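Data file: work-v4.cif. Format and content: mmCIF, C-alpha atoms.
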```cif
data_upload
#
loop_
_atom_site.label_atom_id
_atom_site.label_comp_id
_atom_site.auth_asym_id
_atom_site.auth_seq_id
_atom_site.Cartn_x
_atom_site.Cartn_y
_atom_site.Cartn_z
CA MET A 1 50.42 -264.69 32.04
CA GLN A 2 52.02 -262.58 29.25
CA GLU A 3 52.33 -259.51 31.48
CA LYS A 4 54.13 -261.55 34.10
CA ALA A 5 56.56 -262.93 31.50
CA VAL A 6 57.40 -259.44 30.20
CA ALA A 7 57.80 -258.17 33.76
CA ARG A 8 60.28 -260.97 34.51
CA GLY A 9 62.14 -260.21 31.24
CA ASN A 10 61.73 -263.78 30.08
CA TYR A 11 61.82 -262.94 26.37
CA GLY A 12 62.20 -266.55 25.25
CA GLU A 13 59.09 -267.70 26.96
CA PHE A 14 57.19 -264.64 25.72
CA ALA A 15 58.36 -265.28 22.15
CA ALA A 16 57.45 -268.90 22.46
CA GLU A 17 53.93 -267.96 23.36
CA LEU A 18 53.78 -265.44 20.42
CA PRO A 19 55.20 -267.13 17.31
CA ALA A 20 54.33 -264.14 15.00
CA LEU A 21 56.76 -261.90 16.89
CA ARG A 22 59.43 -264.51 16.46
CA LEU A 23 58.93 -264.50 12.68
CA VAL A 24 59.31 -260.66 12.16
CA GLN A 25 62.23 -259.89 14.50
CA SER A 26 65.57 -258.78 12.90
CA SER A 27 68.72 -260.75 13.17
CA THR A 28 71.62 -259.51 15.23
CA TRP A 29 73.91 -258.59 12.31
CA ILE A 30 71.15 -256.52 10.69
CA ARG A 31 70.74 -254.50 13.84
CA TRP A 32 74.47 -253.93 14.01
CA LEU A 33 74.52 -252.79 10.38
CA GLY A 34 71.78 -250.26 11.16
CA TYR A 35 73.76 -248.90 14.08
CA VAL A 36 76.85 -248.52 11.90
CA LEU A 37 74.93 -246.71 9.12
CA LEU A 38 73.32 -244.37 11.64
CA GLY A 39 76.72 -243.56 13.12
CA MET A 40 78.22 -242.96 9.68
CA LEU A 41 75.30 -240.64 8.86
CA LEU A 42 75.87 -238.63 12.02
CA ILE A 43 79.62 -238.46 11.46
CA SER A 44 79.25 -237.45 7.78
CA SER A 45 76.75 -234.78 8.77
CA LEU A 46 79.24 -233.35 11.25
CA LEU A 47 82.03 -233.53 8.68
CA MET A 48 79.88 -231.76 6.07
CA LEU A 49 79.63 -228.81 8.42
CA LEU A 50 83.37 -228.32 7.90
CA LEU A 51 83.22 -228.42 4.09
CA PRO A 52 84.06 -225.14 2.26
CA TRP A 53 81.11 -223.11 1.06
CA GLN A 54 81.34 -220.03 -1.14
CA GLN A 55 78.92 -217.33 -0.07
CA SER A 56 76.91 -215.47 -2.68
CA ALA A 57 74.41 -212.62 -2.98
CA ARG A 58 71.51 -213.68 -5.15
CA GLY A 59 69.51 -211.38 -7.35
CA SER A 60 67.11 -211.50 -10.26
CA GLY A 61 66.62 -209.16 -13.17
CA ARG A 62 66.69 -209.04 -16.95
CA VAL A 63 68.94 -208.55 -19.95
CA ILE A 64 69.39 -204.92 -21.05
CA ALA A 65 71.68 -202.92 -23.32
CA PHE A 66 74.65 -201.61 -21.38
CA VAL A 67 74.60 -198.35 -23.36
CA PRO A 68 71.38 -196.43 -22.47
CA GLN A 69 71.02 -195.14 -26.05
CA GLU A 70 70.68 -198.75 -27.25
CA ARG A 71 67.73 -199.57 -25.02
CA GLN A 72 64.08 -199.53 -25.99
CA GLN A 73 63.16 -196.04 -27.22
CA PRO A 74 59.67 -194.59 -27.72
CA VAL A 75 59.52 -191.95 -30.48
CA MET A 76 57.15 -189.06 -29.66
CA ALA A 77 55.28 -186.68 -31.95
CA PRO A 78 57.10 -183.33 -31.97
CA VAL A 79 53.93 -181.37 -32.84
CA LYS A 80 50.22 -181.89 -33.22
CA GLY A 81 49.30 -183.19 -36.66
CA VAL A 82 47.55 -185.70 -38.84
CA VAL A 83 49.15 -188.86 -40.19
CA SER A 84 49.59 -188.41 -43.93
CA MET A 85 51.85 -191.36 -44.78
CA ILE A 86 53.05 -194.58 -43.16
CA ALA A 87 55.97 -196.46 -44.70
CA PRO A 88 54.54 -199.09 -47.08
CA ASP A 89 54.51 -202.67 -45.84
CA LEU A 90 55.86 -201.60 -42.44
CA ARG A 91 54.96 -204.09 -39.73
CA GLU A 92 55.81 -204.57 -36.09
CA GLY A 93 58.96 -206.66 -35.85
CA ASP A 94 60.50 -205.26 -39.05
CA PHE A 95 64.15 -204.20 -38.96
CA VAL A 96 64.78 -200.59 -40.04
CA LYS A 97 67.93 -198.61 -40.68
CA GLN A 98 68.77 -195.30 -39.04
CA GLY A 99 67.19 -192.44 -40.98
CA ALA A 100 64.57 -194.60 -42.65
CA VAL A 101 61.24 -192.75 -43.02
CA ILE A 102 58.65 -194.37 -40.77
CA LEU A 103 55.77 -191.95 -41.25
CA GLU A 104 54.94 -188.37 -42.15
CA LEU A 105 52.59 -185.88 -40.51
CA GLN A 106 50.91 -182.76 -41.76
CA PRO A 107 49.66 -179.76 -39.71
CA ALA A 108 46.18 -180.09 -38.29
CA ALA A 109 45.19 -176.57 -39.41
CA ALA A 110 44.93 -175.77 -43.11
CA ASN A 111 47.51 -173.33 -44.55
CA MET A 112 49.25 -173.14 -41.17
CA VAL A 113 52.69 -172.66 -42.68
CA GLU A 114 51.46 -169.88 -45.00
CA GLN A 115 49.67 -168.09 -42.16
CA MET A 116 52.72 -168.31 -39.96
CA ASN A 117 54.88 -166.89 -42.77
CA PHE A 118 52.50 -163.90 -43.07
CA GLN A 119 52.62 -163.40 -39.34
CA LEU A 120 56.40 -163.62 -39.45
CA ALA A 121 56.52 -160.90 -42.16
CA ASP A 122 54.33 -158.60 -40.04
CA LEU A 123 56.51 -159.12 -37.01
CA ARG A 124 59.67 -158.39 -38.98
CA ALA A 125 58.16 -155.10 -40.22
CA LYS A 126 57.21 -154.25 -36.65
CA LEU A 127 60.74 -155.11 -35.56
CA GLU A 128 62.22 -152.80 -38.19
CA SER A 129 59.94 -149.98 -37.03
CA ALA A 130 61.02 -150.54 -33.42
CA LYS A 131 64.69 -150.46 -34.47
CA ILE A 132 64.19 -147.16 -36.33
CA LYS A 133 62.35 -145.72 -33.34
CA ALA A 134 65.16 -146.76 -31.01
CA GLU A 135 67.77 -145.22 -33.34
CA VAL A 136 65.82 -141.93 -33.51
CA TYR A 137 65.63 -141.67 -29.74
CA GLN A 138 69.32 -142.53 -29.50
CA ARG A 139 70.08 -139.58 -31.77
CA ASN A 140 67.70 -137.41 -29.71
CA ILE A 141 69.58 -138.35 -26.57
CA LYS A 142 72.85 -137.32 -28.18
CA ASP A 143 71.39 -134.06 -29.53
CA PHE A 144 69.71 -133.17 -26.23
CA THR A 145 72.91 -133.97 -24.36
CA ASP A 146 74.94 -131.72 -26.66
CA ALA A 147 72.33 -128.96 -26.41
CA ARG A 148 72.33 -129.27 -22.64
CA ASP A 149 76.09 -129.01 -22.53
CA TYR A 150 76.13 -125.94 -24.80
CA GLY A 151 73.27 -124.22 -22.95
CA VAL A 152 74.73 -124.96 -19.55
CA ARG A 153 78.15 -123.72 -20.67
CA ALA A 154 76.61 -120.46 -21.99
CA ALA A 155 74.58 -120.02 -18.79
CA GLU A 156 77.69 -120.62 -16.72
CA GLU A 157 79.50 -117.90 -18.72
CA MET A 158 76.61 -115.51 -18.07
CA VAL A 159 76.87 -116.29 -14.37
CA GLU A 160 80.60 -115.63 -14.49
CA MET A 161 80.00 -112.29 -16.27
CA ALA A 162 77.43 -111.28 -13.66
CA GLN A 163 79.84 -112.23 -10.89
CA ALA A 164 82.59 -110.18 -12.56
CA LYS A 165 80.25 -107.18 -12.84
CA LEU A 166 79.33 -107.59 -9.18
CA GLN A 167 82.98 -107.66 -8.20
CA ALA A 168 83.60 -104.49 -10.25
CA LYS A 169 80.73 -102.66 -8.53
CA GLN A 170 81.89 -103.86 -5.15
CA THR A 171 85.39 -102.55 -5.95
CA LEU A 172 84.04 -99.01 -6.68
CA LEU A 173 81.92 -98.89 -3.52
CA PRO A 174 84.81 -98.09 -1.07
CA GLY A 175 85.77 -95.03 -3.23
CA TYR A 176 82.26 -93.64 -3.07
CA GLU A 177 82.15 -94.23 0.67
CA ALA A 178 85.47 -92.40 1.12
CA LYS A 179 84.27 -89.52 -1.09
CA GLU A 180 81.06 -89.23 0.94
CA LEU A 181 83.00 -89.28 4.18
CA GLN A 182 85.40 -86.56 2.97
CA ALA A 183 82.52 -84.36 1.78
CA ARG A 184 80.75 -84.80 5.12
CA LEU A 185 83.87 -83.83 7.08
CA ASN A 186 84.46 -80.73 4.93
CA TYR A 187 80.86 -79.65 5.33
CA GLU A 188 80.88 -80.11 9.06
CA ARG A 189 84.19 -78.22 9.38
CA GLN A 190 82.89 -75.26 7.30
CA ARG A 191 79.62 -75.24 9.19
CA SER A 192 81.52 -74.95 12.46
CA LEU A 193 83.50 -72.04 11.04
CA PHE A 194 80.26 -70.52 9.66
CA ASP A 195 78.72 -70.69 13.09
CA LYS A 196 81.74 -68.73 14.41
CA GLY A 197 81.49 -66.22 11.58
CA ALA A 198 84.81 -67.23 10.11
CA THR A 199 83.57 -68.23 6.63
CA ALA A 200 80.97 -67.14 4.12
CA GLU A 201 77.54 -68.71 3.67
CA LYS A 202 78.20 -69.23 0.00
CA GLU A 203 81.18 -71.50 0.75
CA LEU A 204 79.02 -73.53 3.16
CA GLU A 205 76.33 -74.00 0.52
CA LYS A 206 78.92 -75.21 -1.97
CA LEU A 207 80.20 -77.83 0.48
CA LYS A 208 76.57 -78.83 1.25
CA LYS A 209 76.03 -79.39 -2.43
CA ASP A 210 79.20 -81.51 -2.69
CA LEU A 211 78.02 -83.59 0.31
CA ASP A 212 74.63 -84.19 -1.28
CA VAL A 213 76.30 -85.30 -4.53
CA ALA A 214 78.63 -87.68 -2.63
CA ILE A 215 75.69 -89.13 -0.72
CA SER A 216 73.76 -89.60 -3.96
CA ASP A 217 76.75 -91.23 -5.69
CA LEU A 218 77.26 -93.60 -2.72
CA ALA A 219 73.59 -94.60 -2.72
CA SER A 220 73.71 -95.14 -6.46
CA ALA A 221 76.83 -97.33 -6.11
CA LYS A 222 75.19 -99.41 -3.39
CA PHE A 223 72.10 -99.85 -5.56
CA GLU A 224 74.26 -100.96 -8.48
CA VAL A 225 75.95 -103.55 -6.19
CA GLN A 226 72.56 -104.87 -5.07
CA SER A 227 71.40 -105.02 -8.70
CA ALA A 228 74.56 -106.90 -9.71
CA LEU A 229 74.05 -109.36 -6.83
CA LYS A 230 70.45 -110.01 -7.91
CA GLU A 231 71.63 -110.45 -11.49
CA VAL A 232 74.10 -113.11 -10.32
CA ASP A 233 71.26 -114.93 -8.50
CA ALA A 234 69.05 -114.67 -11.56
CA LYS A 235 71.77 -116.06 -13.83
CA GLN A 236 72.37 -118.97 -11.44
CA HIS A 237 68.63 -119.77 -11.37
CA GLU A 238 68.59 -119.56 -15.16
CA LEU A 239 71.54 -121.99 -15.29
CA GLU A 240 69.76 -124.52 -13.07
CA GLN A 241 66.55 -124.14 -15.08
CA LYS A 242 68.32 -124.81 -18.38
CA ARG A 243 70.13 -127.78 -16.93
CA SER A 244 66.86 -129.21 -15.52
CA GLU A 245 64.90 -128.67 -18.75
CA ALA A 246 67.65 -130.24 -20.84
CA GLN A 247 67.92 -133.25 -18.48
CA THR A 248 64.15 -133.72 -18.62
CA LYS A 249 64.30 -133.97 -22.40
CA ILE A 250 67.20 -136.40 -22.18
CA ASP A 251 65.40 -138.58 -19.62
CA TYR A 252 62.26 -138.63 -21.76
CA ALA A 253 64.30 -139.63 -24.82
CA LYS A 254 66.00 -142.39 -22.81
CA ALA A 255 62.62 -143.67 -21.58
CA MET A 256 61.29 -143.76 -25.12
CA GLU A 257 64.46 -145.50 -26.27
CA GLN A 258 64.03 -148.19 -23.60
CA ASP A 259 60.39 -148.56 -24.61
CA ALA A 260 61.45 -149.07 -28.24
CA LEU A 261 64.14 -151.55 -27.19
CA GLY A 262 61.61 -153.42 -25.07
CA LEU A 263 59.22 -153.58 -28.00
CA GLN A 264 62.10 -154.77 -30.16
CA ALA A 265 62.93 -157.56 -27.69
CA THR A 266 59.28 -158.63 -27.50
CA VAL A 267 58.96 -158.78 -31.26
CA GLN A 268 62.22 -160.72 -31.53
CA LYS A 269 60.88 -163.26 -29.02
CA GLU A 270 57.69 -163.66 -31.03
CA ILE A 271 59.75 -164.11 -34.19
CA ARG A 272 61.86 -166.79 -32.49
CA ASP A 273 58.71 -168.58 -31.33
CA ILE A 274 57.35 -168.64 -34.85
CA ASP A 275 60.72 -169.78 -36.22
CA ILE A 276 60.69 -172.62 -33.70
CA LYS A 277 57.18 -173.61 -34.73
CA LEU A 278 58.18 -173.51 -38.39
CA SER A 279 61.20 -175.66 -37.58
CA GLU A 280 58.93 -178.10 -35.77
CA LEU A 281 56.68 -178.24 -38.81
CA LYS A 282 59.72 -179.25 -40.82
CA LEU A 283 60.12 -182.20 -38.42
CA LEU A 284 56.87 -183.76 -39.53
CA ARG A 285 58.94 -186.33 -41.41
CA ILE A 286 59.57 -188.95 -38.71
CA THR A 287 62.61 -191.20 -39.21
CA ALA A 288 64.17 -194.07 -37.27
CA PRO A 289 66.65 -192.68 -34.71
CA ARG A 290 68.87 -195.82 -34.80
CA ASP A 291 69.20 -199.18 -36.46
CA GLY A 292 66.72 -201.48 -34.76
CA THR A 293 63.47 -203.39 -34.75
CA ILE A 294 60.01 -201.82 -34.68
CA TYR A 295 58.54 -203.02 -31.41
CA ARG A 296 55.22 -201.13 -31.25
CA LEU A 297 53.42 -199.24 -34.04
CA PRO A 298 50.09 -198.06 -32.60
CA LEU A 299 49.06 -196.20 -35.78
CA TYR A 300 46.30 -197.86 -37.71
CA GLU A 301 45.40 -195.64 -40.65
CA ARG A 302 46.18 -192.42 -42.45
CA GLY A 303 44.30 -189.35 -41.31
CA GLN A 304 44.66 -190.30 -37.66
CA THR A 305 45.06 -187.21 -35.45
CA ILE A 306 48.18 -187.19 -33.30
CA LYS A 307 48.66 -185.03 -30.22
CA GLU A 308 51.96 -183.40 -29.37
CA GLY A 309 54.07 -185.81 -27.26
CA GLU A 310 52.01 -188.87 -28.21
CA THR A 311 54.00 -192.05 -28.84
CA LEU A 312 54.22 -192.77 -32.57
CA PHE A 313 56.19 -196.00 -32.40
CA THR A 314 58.74 -197.83 -30.26
CA ILE A 315 62.06 -199.10 -31.56
CA VAL A 316 64.50 -201.57 -30.01
CA PRO A 317 67.98 -200.59 -31.28
CA GLU A 318 70.64 -203.07 -32.26
CA THR A 319 72.70 -203.84 -29.16
CA SER A 320 76.48 -203.81 -29.41
CA GLU A 321 77.10 -204.42 -25.70
CA ARG A 322 74.70 -206.33 -23.48
CA ALA A 323 74.38 -206.37 -19.72
CA VAL A 324 72.19 -207.83 -17.02
CA GLU A 325 70.57 -205.67 -14.37
CA LEU A 326 70.13 -207.57 -11.10
CA PHE A 327 68.27 -206.32 -8.05
CA ILE A 328 70.07 -207.28 -4.83
CA ASN A 329 68.71 -207.23 -1.31
CA GLY A 330 69.93 -204.30 0.77
CA ASN A 331 71.32 -206.78 3.33
CA ASP A 332 74.02 -207.81 0.84
CA ILE A 333 74.61 -204.69 -1.27
CA SER A 334 77.37 -203.31 0.98
CA LEU A 335 79.49 -206.40 0.17
CA ILE A 336 79.29 -205.99 -3.61
CA HIS A 337 81.91 -203.98 -5.48
CA VAL A 338 82.69 -203.22 -9.09
CA GLY A 339 84.64 -206.10 -10.60
CA ASP A 340 83.15 -208.88 -8.45
CA HIS A 341 82.59 -212.21 -10.19
CA VAL A 342 78.98 -213.17 -11.01
CA ARG A 343 77.39 -216.39 -12.27
CA LEU A 344 74.30 -215.89 -14.43
CA GLN A 345 71.42 -218.15 -15.42
CA PHE A 346 69.30 -216.95 -18.34
CA GLU A 347 65.67 -217.84 -18.88
CA GLY A 348 65.41 -220.41 -21.66
CA TRP A 349 68.90 -221.79 -21.03
CA PRO A 350 68.69 -224.83 -18.72
CA ALA A 351 71.16 -224.63 -15.89
CA ILE A 352 71.98 -226.19 -12.54
CA GLN A 353 73.53 -223.79 -10.07
CA PHE A 354 74.93 -224.72 -6.65
CA SER A 355 75.41 -221.36 -5.02
CA GLY A 356 77.97 -222.71 -2.53
CA TRP A 357 79.89 -224.88 -5.03
CA PRO A 358 80.16 -222.96 -8.32
CA SER A 359 82.62 -225.51 -9.69
CA VAL A 360 79.77 -227.98 -10.19
CA ALA A 361 77.42 -225.46 -11.82
CA VAL A 362 76.20 -226.34 -15.29
CA GLY A 363 74.75 -224.01 -17.93
CA THR A 364 75.64 -220.75 -16.20
CA PHE A 365 77.61 -217.86 -17.66
CA GLY A 366 80.31 -215.71 -16.13
CA GLY A 367 80.08 -211.98 -15.62
CA GLN A 368 81.46 -209.16 -13.53
CA VAL A 369 79.86 -206.23 -11.72
CA ALA A 370 80.19 -203.10 -13.88
CA LYS A 371 78.07 -200.62 -11.92
CA VAL A 372 76.30 -200.40 -8.57
CA ASP A 373 73.47 -197.89 -8.17
CA PRO A 374 73.97 -195.38 -5.34
CA THR A 375 70.36 -195.70 -4.14
CA ASP A 376 67.58 -198.27 -4.06
CA ASP A 377 64.63 -198.65 -6.41
CA GLY A 378 62.11 -197.57 -3.77
CA THR A 379 61.51 -201.07 -2.40
CA GLY A 380 64.81 -201.61 -0.58
CA LYS A 381 66.52 -203.40 -3.49
CA PHE A 382 69.61 -202.07 -5.22
CA ARG A 383 70.39 -202.47 -8.90
CA ILE A 384 73.72 -203.69 -10.20
CA GLN A 385 74.74 -204.02 -13.85
CA VAL A 386 76.69 -207.10 -14.90
CA THR A 387 78.70 -207.32 -18.12
CA PRO A 388 80.45 -210.37 -19.67
CA GLU A 389 83.84 -211.23 -18.27
CA LYS A 390 86.89 -211.13 -20.46
CA ASP A 391 87.20 -214.24 -22.63
CA THR A 392 83.63 -215.20 -21.70
CA GLU A 393 80.88 -215.44 -24.31
CA TRP A 394 77.18 -215.15 -23.64
CA PRO A 395 74.50 -216.62 -25.92
CA PRO A 396 74.14 -214.91 -29.32
CA THR A 397 72.14 -211.68 -29.57
CA GLN A 398 69.38 -213.27 -31.63
CA ASN A 399 68.85 -215.80 -28.84
CA LEU A 400 69.52 -213.63 -25.80
CA ARG A 401 67.29 -210.61 -26.39
CA GLN A 402 66.68 -207.56 -24.26
CA GLY A 403 64.13 -208.27 -21.54
CA VAL A 404 65.04 -211.96 -21.02
CA ARG A 405 64.84 -212.68 -17.32
CA ALA A 406 67.98 -213.78 -15.52
CA ASN A 407 69.11 -214.97 -12.11
CA GLY A 408 72.53 -214.10 -10.79
CA TRP A 409 74.83 -214.98 -7.93
CA VAL A 410 77.55 -212.54 -6.92
CA MET A 411 80.39 -214.67 -5.52
CA LEU A 412 81.65 -213.57 -2.11
CA LYS A 413 83.85 -215.14 0.59
CA THR A 414 84.45 -218.89 1.06
CA VAL A 415 83.43 -220.14 4.55
CA SER A 416 82.51 -223.46 6.15
CA LEU A 417 79.12 -224.99 5.46
CA GLY A 418 78.34 -225.02 9.19
CA TYR A 419 78.99 -221.30 9.46
CA GLU A 420 76.78 -220.63 6.44
CA ILE A 421 73.91 -222.64 7.95
CA TRP A 422 74.31 -220.78 11.23
CA ARG A 423 74.36 -217.42 9.37
CA GLN A 424 71.24 -218.26 7.37
CA ILE A 425 69.36 -219.36 10.47
CA ASN A 426 70.21 -216.07 12.24
CA GLY A 427 69.65 -213.90 9.19
CA PHE A 428 73.14 -212.34 9.30
CA PRO A 429 74.73 -210.81 6.17
CA PRO A 430 77.75 -212.54 4.60
CA VAL A 431 81.12 -211.73 6.14
CA ILE A 432 83.05 -208.89 4.57
CA GLU A 433 86.32 -210.15 3.15
CA ASP A 434 89.50 -208.34 4.22
CA PRO A 435 90.55 -206.28 1.18
CA ASN A 436 94.21 -206.29 2.33
CA ARG A 437 94.42 -210.09 2.33
CA GLU A 438 96.04 -211.63 -0.71
CA LYS A 439 93.37 -213.26 -2.83
CA PRO A 440 93.90 -216.89 -3.83
CA THR A 441 94.35 -217.84 -7.44
CA LYS A 442 90.96 -218.01 -9.13
CA VAL A 443 89.99 -221.47 -10.34
CA PRO A 444 88.39 -221.41 -13.82
CA LEU A 445 84.68 -222.16 -13.61
CA PRO A 446 82.81 -224.24 -16.15
CA LYS A 447 80.88 -222.30 -18.79
#
```
What is this structure when it is put down as structure tokens?
Amino acid sequence: MQEKAVARGNYGEFAAELPALRLVQSSTWIRWLGYVLLGMLLISSLLMLLLPWQQSARGSGRVIAFVPQERQQPVMAPVKGVVSMIAPDLREGDFVKQGAVILELQPAAANMVEQMNFQLADLRAKLESAKIKAEVYQRNIKDFTDARDYGVRAAEEMVEMAQAKLQAKQTLLPGYEAKELQARLNYERQRSLFDKGATAEKELEKLKKDLDVAISDLASAKFEVQSALKEVDAKQHELEQKRSEAQTKIDYAKAMEQDALGLQATVQKEIRDIDIKLSELKLLRITAPRDGTIYRLPLYERGQTIKEGETLFTIVPETSERAVELFINGNDISLIHVGDHVRLQFEGWPAIQFSGWPSVAVGTFGGQVAKVDPTDDGTGKFRIQVTPEKDTEWPPTQNLRQGVRANGWVMLKTVSLGYEIWRQINGFPPVIEDPNREKPTKVPLPK
């Protein structure tokens, strides 16, 4: 019966048969009110897509000192030693002034300074000996060089004298040859006449004697020329021998001089090493490098052995200029430039931040990008350093310490809310703003 009534659309009859349904049904004006509210919700949602939304690049980091020298500094042991004194009543968290004595060390080996002074005296004596040796060989080089020059000059003069003697003998040789030729011609002429019976035998014998004398004189002259030529060769060989012997002595003296200079350089290096070690031993009085607070003091008692390079204590210097380092996703880093405005939220300072509507943010602090690292930190994130904006104050130093965590939003271009939702859904980076476009007047943000 009920199925037939519903099929016919007879709602009145069906409601009459089911009185409970009649009791819970809504009135007509309530249904119309619901339709109106639903329509207003849809229309307002569509209108909200057209609302302005300021894009931002979010990052997280911590408070640091902007000057690297004012950041946390570990103080290392310059040399190996034993703790002999720790500043009385020094505790972690105490404030110390620059130059204040924190602790003192003493060498691990007994009488180390005295032994090193003895070693230094020996090395200086060795150095003086090497200097004297080098000076002696320098004088030897000069003396051998002068002796070589004198000897070579004398040998050259002897060669010149032998050459002059040779030239003199060679000059006489043509006369002896002519005399021998004349005596031979006279003898042959007289012998021809003697054979014809035109001259006496005694005259022929006289001419034969003259020919023999001329031949003997010519042979003697030739021998003297050969002897003079050999003497010239001998003098030249003697010259080369003297020059070679003198150069050998000079080269040996130079080698010994270089050996002495090398020994001198080696000793000087050893002396410098000992001087450095002695200077390091003078640094056993460890002082505070800057005004600051003792953060870690891992020394427990006197007599504790310290290795070279071991951390003695850590100091957090007084900070004159603070900054916040934020790590930004690589998808947004290309849009961030030095001077961009940043809103910061510090840990321990309650804040409400609407990234798209900074004008309604509460408890945030203004800043500007001071530096952007040229490379990432190894995980795809890039570090930026944010400093306070002009005429903007951050919390006091005693409340906002180094290491406090912070969240930051680098303010970028203003777009519609619908575009921002579409960009976030698709994972696109924010739009790069045209640098040539005139920027609108900046509205002061609440602090």
Please list, as a ChimeraX atom specification, the residues that have an atom at most 7 Å away from (53.2, -191.1, -30.2) in the coordinates of this file, counting all atoms listed in the file. /A:75-77,309-313
Distance query A:Val159 at most 12 Å, all atoms listed in the file, self and fewer than 3 positions along chain excluded, as a JSON list (two decimals) with C-alpha atoms, in the coordinates of the input:
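The result, stored in selection.json:
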```
[["chain", "number", "residue", "atom", "x", "y", "z"],
["A", 152, "VAL", "CA", 74.73, -124.96, -19.55],
["A", 153, "ARG", "CA", 78.15, -123.72, -20.67],
["A", 154, "ALA", "CA", 76.61, -120.46, -21.99],
["A", 155, "ALA", "CA", 74.58, -120.02, -18.79],
["A", 156, "GLU", "CA", 77.69, -120.62, -16.72],
["A", 162, "ALA", "CA", 77.43, -111.28, -13.66],
["A", 163, "GLN", "CA", 79.84, -112.23, -10.89],
["A", 164, "ALA", "CA", 82.59, -110.18, -12.56],
["A", 165, "LYS", "CA", 80.25, -107.18, -12.84],
["A", 166, "LEU", "CA", 79.33, -107.59, -9.18],
["A", 228, "ALA", "CA", 74.56, -106.90, -9.71],
["A", 229, "LEU", "CA", 74.05, -109.36, -6.83],
["A", 230, "LYS", "CA", 70.45, -110.01, -7.91],
["A", 231, "GLU", "CA", 71.63, -110.45, -11.49],
["A", 232, "VAL", "CA", 74.10, -113.11, -10.32],
["A", 233, "ASP", "CA", 71.26, -114.93, -8.50],
["A", 234, "ALA", "CA", 69.05, -114.67, -11.56],
["A", 235, "LYS", "CA", 71.77, -116.06, -13.83],
["A", 236, "GLN", "CA", 72.37, -118.97, -11.44],
["A", 237, "HIS", "CA", 68.63, -119.77, -11.37],
["A", 238, "GLU", "CA", 68.59, -119.56, -15.16],
["A", 239, "LEU", "CA", 71.54, -121.99, -15.29],
["A", 240, "GLU", "CA", 69.76, -124.52, -13.07]]
```
If we count only C-alpha atoms, what is near stretch 249-265 of chain A at a cut-off of 12 Å, once residues fewer than 4 positions away on the same chain are taken out, given as number ranges by chain? A: 123-149, 242-245, 269-272
Would you mind reading off the distance between atom CA of A:Ile86 and atom CA of A:Thr305, one decimal, in Å? 13.3 Å
Within 7 Å of (65.4, -207.0, -3.3), in the coordinates the file gives, what residues turn up when you count all atoms listed in the file, written out as a PyMOL selection string? chain A and resi 327-330+380-382
Going by the chain IDs and residue numbers used in this file, which residues fall under the PyMOL selection byres ((chain A and resi 397-402) around 10)? Write them as a ChimeraX atom specification. /A:62-65,71-72,316-324,346-349,394-396,403-405
Write out as a ChimeraX atom specification which residues come within 9 Å of A:Asn186 when counting all atoms listed in the file, dropping same-chain ones fewer than 5 positions away. /A:181,191,207-208,211
Applying the PyMOL selection byres ((chain A and resi 224) around 12) to the file I just gave you, which residues come out? Please list them as a JSON list (two decimals) with C-alpha atoms, in the frame of the given file.
```json
[["chain", "number", "residue", "atom", "x", "y", "z"],
["A", 162, "ALA", "CA", 77.43, -111.28, -13.66],
["A", 165, "LYS", "CA", 80.25, -107.18, -12.84],
["A", 166, "LEU", "CA", 79.33, -107.59, -9.18],
["A", 167, "GLN", "CA", 82.98, -107.66, -8.20],
["A", 168, "ALA", "CA", 83.60, -104.49, -10.25],
["A", 169, "LYS", "CA", 80.73, -102.66, -8.53],
["A", 170, "GLN", "CA", 81.89, -103.86, -5.15],
["A", 171, "THR", "CA", 85.39, -102.55, -5.95],
["A", 172, "LEU", "CA", 84.04, -99.01, -6.68],
["A", 173, "LEU", "CA", 81.92, -98.89, -3.52],
["A", 217, "ASP", "CA", 76.75, -91.23, -5.69],
["A", 218, "LEU", "CA", 77.26, -93.60, -2.72],
["A", 219, "ALA", "CA", 73.59, -94.60, -2.72],
["A", 220, "SER", "CA", 73.71, -95.14, -6.46],
["A", 221, "ALA", "CA", 76.83, -97.33, -6.11],
["A", 222, "LYS", "CA", 75.19, -99.41, -3.39],
["A", 223, "PHE", "CA", 72.10, -99.85, -5.56],
["A", 225, "VAL", "CA", 75.95, -103.55, -6.19],
["A", 226, "GLN", "CA", 72.56, -104.87, -5.07],
["A", 227, "SER", "CA", 71.40, -105.02, -8.70],
["A", 228, "ALA", "CA", 74.56, -106.90, -9.71],
["A", 229, "LEU", "CA", 74.05, -109.36, -6.83],
["A", 230, "LYS", "CA", 70.45, -110.01, -7.91],
["A", 231, "GLU", "CA", 71.63, -110.45, -11.49]]
```
Of A:Glu308, A:Glu420, A:Asp212, A:Asp391, the one nearest to A:Arg184 when counting all atoms listed in the file is A:Asp212
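Against this structure, the PyMOL selection byres ((chain A and resi 288) around 9) ends up with A:Val75, A:Val96, A:Lys97, A:Gln98, A:Gly99, A:Ala100, A:Val101, A:Ile102, A:Ile286, A:Thr287, A:Pro289, A:Arg290, A:Asp291, A:Gly292, A:Ile315.
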Atom CA of A:Lys413 to atom CA of A:Leu42, straight-line distance in Å: 27.3 Å
I'd like the interatomic distance between atom CA of A:Ala406 and atom CA of A:Arg296, to a tenth of an Å. 23.9 Å
Mind giving me the axis-aligned box for stretch 36-41 of chain A with 8 Å on every side, centre plus edges in Å to one decimal, as AutoDock Vina command-line options?
```
--center_x 75.8 --center_y -244.6 --center_z 11.0 --size_x 20.9 --size_y 23.9 --size_z 20.3
```
A:Ile274 environment, 12 Å, all atoms listed in the file, sequence neighbours closer than 5 positions dropped, as an NGL selection string: :A and (112-124 or 267-269 or 279-281)
